[in-house]
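Since the structure comes first, as structure tokens, the remarks are kept for the end.
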Amino acid sequence: MRSLSLRWRLLLLIIGVLAAVLLPLGILSAHRTLEEVDELSDGRLAQAARTLEVLVNRIGVEQLRAQRTARLLVPSRSAHPAELTVQGRTYESEVGFQVFDRDGTLLMATENLSGVPRTDVPDGQFEDVAQGRYTWRVFTLIMEDEHITIRAGERYDSRHEITHALWIEHGLPTLLGLPLLALLVGWAIRRGLGPLDDLAGALSGREPGSRAPVHLARAPEELAPVLAALNDQIFRLESALERERRFS
């Protein structure tokens with residue numbers, strides 16, 4: 001089996017080391033970014049619930065209770081999409097809310113979240129609620145004085161769209177950069193091993209029987225012992241030939 005050349009060995013070793021360092025760092029960076037996006041999304045849900053609390057107080061709890069009819073404030077995602085900006089890009093997100101009375105009567109809700117069942121969750125807690133083929137991330141806010149429960153939710157598939165986009169943003173540059181990096185490293189290795197080619201050219205271009213020492217202009221420090229050993233071998237060979245001629 002033919003062994004790999006020195007250039008290929010160096011290239012594979014360098015690319016392997018770079019991949020072993022860059023890929024885990026990219027994965028950790030993407031994982032950390034996704035955690036921050038989840039925290040940002042949860043924070044938006046809590047903020048939306050707090051904002052809705054102010055609106056409920058302004059509308060009047062008694063007025064909502066008197067109507068006993070759920071108001072569909074957001075008809076659909078396509079008509080009024082909520083947007084989340086991450087690293088300069090904007091993504092749609094499916095967000096909705098519900099307002100319940102103390103007896104569980106739905107006073108007000110968005111169309112997309114109106115069918116999600118109510119659950120008994122403490123104030124200020126998050127939960128995952130499955131509804132049909134979708135799963136919602138829901139934050140619960142309880143207005144103790146008014147006995148009103150406010151729930152703000154976001155569909156997980158909208159979060160997954162952001163997640164996929166972030167994975168592409170983090171993974172695609174690395175996947176595209178490694179081949180380019182391999183080309184640049186290969187070019188650098190060829191340049192770095194150029195003195196070996198010069199040495200091979202100097203040896204192959206010598207006249208038969210030449211006893212002149214081998215010299216390379218601007219030989220690198222690592223190649224100096226090789227040149228010294230080679231010239232020493234040439235000198236000893238010349239001495240042996242000279243003794244043989246004298247004996248003859």
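Just so we're on the same page: first chain in the structure tokens is A, next is B, and so on; residues restart at 1 for each chain, and ligands are numbered from 1 in the order they show up.
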**Request:** Tell me which protein, DNA and RNA residues are within 9 Å of Arg102 of chain A, counting only C-alpha atoms, leaving out same-chain ones fewer than 6 positions away, and put them as a PyMOL selection string.
**Result:** chain A and resi 146-149
I need the chosen residues saved as a PDB file, in the first residue's frame, with C-alpha atoms.
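The file below, again.pdb, is the result:
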```pdb
ATOM      1  CA  GLU A 146     -59.495  40.660  39.984  1.00  0.00           C
ATOM      2  CA  HIS A 147     -59.344  36.838  39.905  1.00  0.00           C
ATOM      3  CA  ILE A 148     -58.336  37.008  36.237  1.00  0.00           C
ATOM      4  CA  THR A 149     -55.951  34.577  34.532  1.00  0.00           C
TER       5      THR A 149
END
```
**Request:** Please provide the set of residues having any atom within 12 Å of Ser41 of chain A, restricted to only C-alpha atoms, with same-chain residues fewer than 2 positions apart removed, written as a ChimeraX atom specification.
**Result:** /A:34-39,43-48,82-86,93-95,126,137-139,152-156,158-160,162-163
**Request:** as a ChimeraX atom specification, please: all residues of segment 81-219 of chain A that backbone DSSP puts in alpha helix (DSSP H).
**Result:** /A:156-192,194-204
